[in-house]
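Chemist: Encoded as structure tokens, here's the structure I'll be asking about.
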Amino acid sequence: MVKKLIAVGLATLLFIFLEMGIGAIAPLAVMAESSLPQAELSAELTQFLTSLPGDYYTIGNTAALKNIIKSDRARLIDVRTPAEYAAGHIPNAINIPLPNLTKNLDKIPSDRPVILYCTTGYRTAMGVMSLQMLGYSNVRGFPPSFQGWKLAGEPLEK
């Protein structure tokens, strides 16, 4: 139950941040809507954070990304804005902007790898954790993101 409360709390914070706009994120004073003792909540949060895999659900370089896309039929999702996507994106990626991710779950397969990326990794991390909380254990991020792909001299689509 505590894990569900933590997940709901994190998802609520994510929703608040997204509604405010990515650029408007600032520390907020948030009161827990739970009667759980602070120590128990902290212990559960610590357990959740320490259970994250060492790679934090990531793919670390362009060669590994290309291999996963080719061998595992991975779905590549660009979580940037439509304007950013239109200016150039990794080949074969679909565009689902981060604020619209949960409205497009029908486009996110659960039976094969899903890789998210953005410009620098910030939105990717929020998207990966959001989908993980929704039960998508097949979702990973590409932290080199669009900038890393471009700097590696890889092709782009428009």
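Every chain in the structure tokens has a letter given in the order shown (A, B, ...), and although residue numbers restart at 1 in each chain, ligands are simply numbered from 1 in the order shown.
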May I have the residues within 7 Å of A:Arg123 as a PDB file with C-alpha atoms, in the first residue's frame, using only C-alpha atoms and disregarding those fewer than 3 positions away in the same chain?
Modeler:
ATOM      1  CA  VAL A  79       9.072  13.054 -25.877  1.00  0.00           C
ATOM      2  CA  LEU A  98       5.867  14.281 -22.410  1.00  0.00           C
ATOM      3  CA  CYS A 118      14.372  14.141 -25.510  1.00  0.00           C
ATOM      4  CA  MET A 126      10.321  11.856 -16.098  1.00  0.00           C
ATOM      5  CA  GLY A 127       8.727   9.819 -18.880  1.00  0.00           C
TER       6      GLY A 127
END
Chemist: Which one of A:Pro53, A:Met133, A:Glu40, A:Phe142 sits closest to A:Ile77 if you count only C-alpha atoms?
Modeler: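 Closest residue, counting only C-alpha atoms: A:Phe142.
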Chemist: Can you tell me which residues surround stretch 57-67 of chain A at a distance of at most 7 Å, considering only C-alpha atoms, apart from same-chain residues fewer than 5 positions away, and format the answer as a VMD selection string?
Modeler: chain A and resid 140 to 144 149
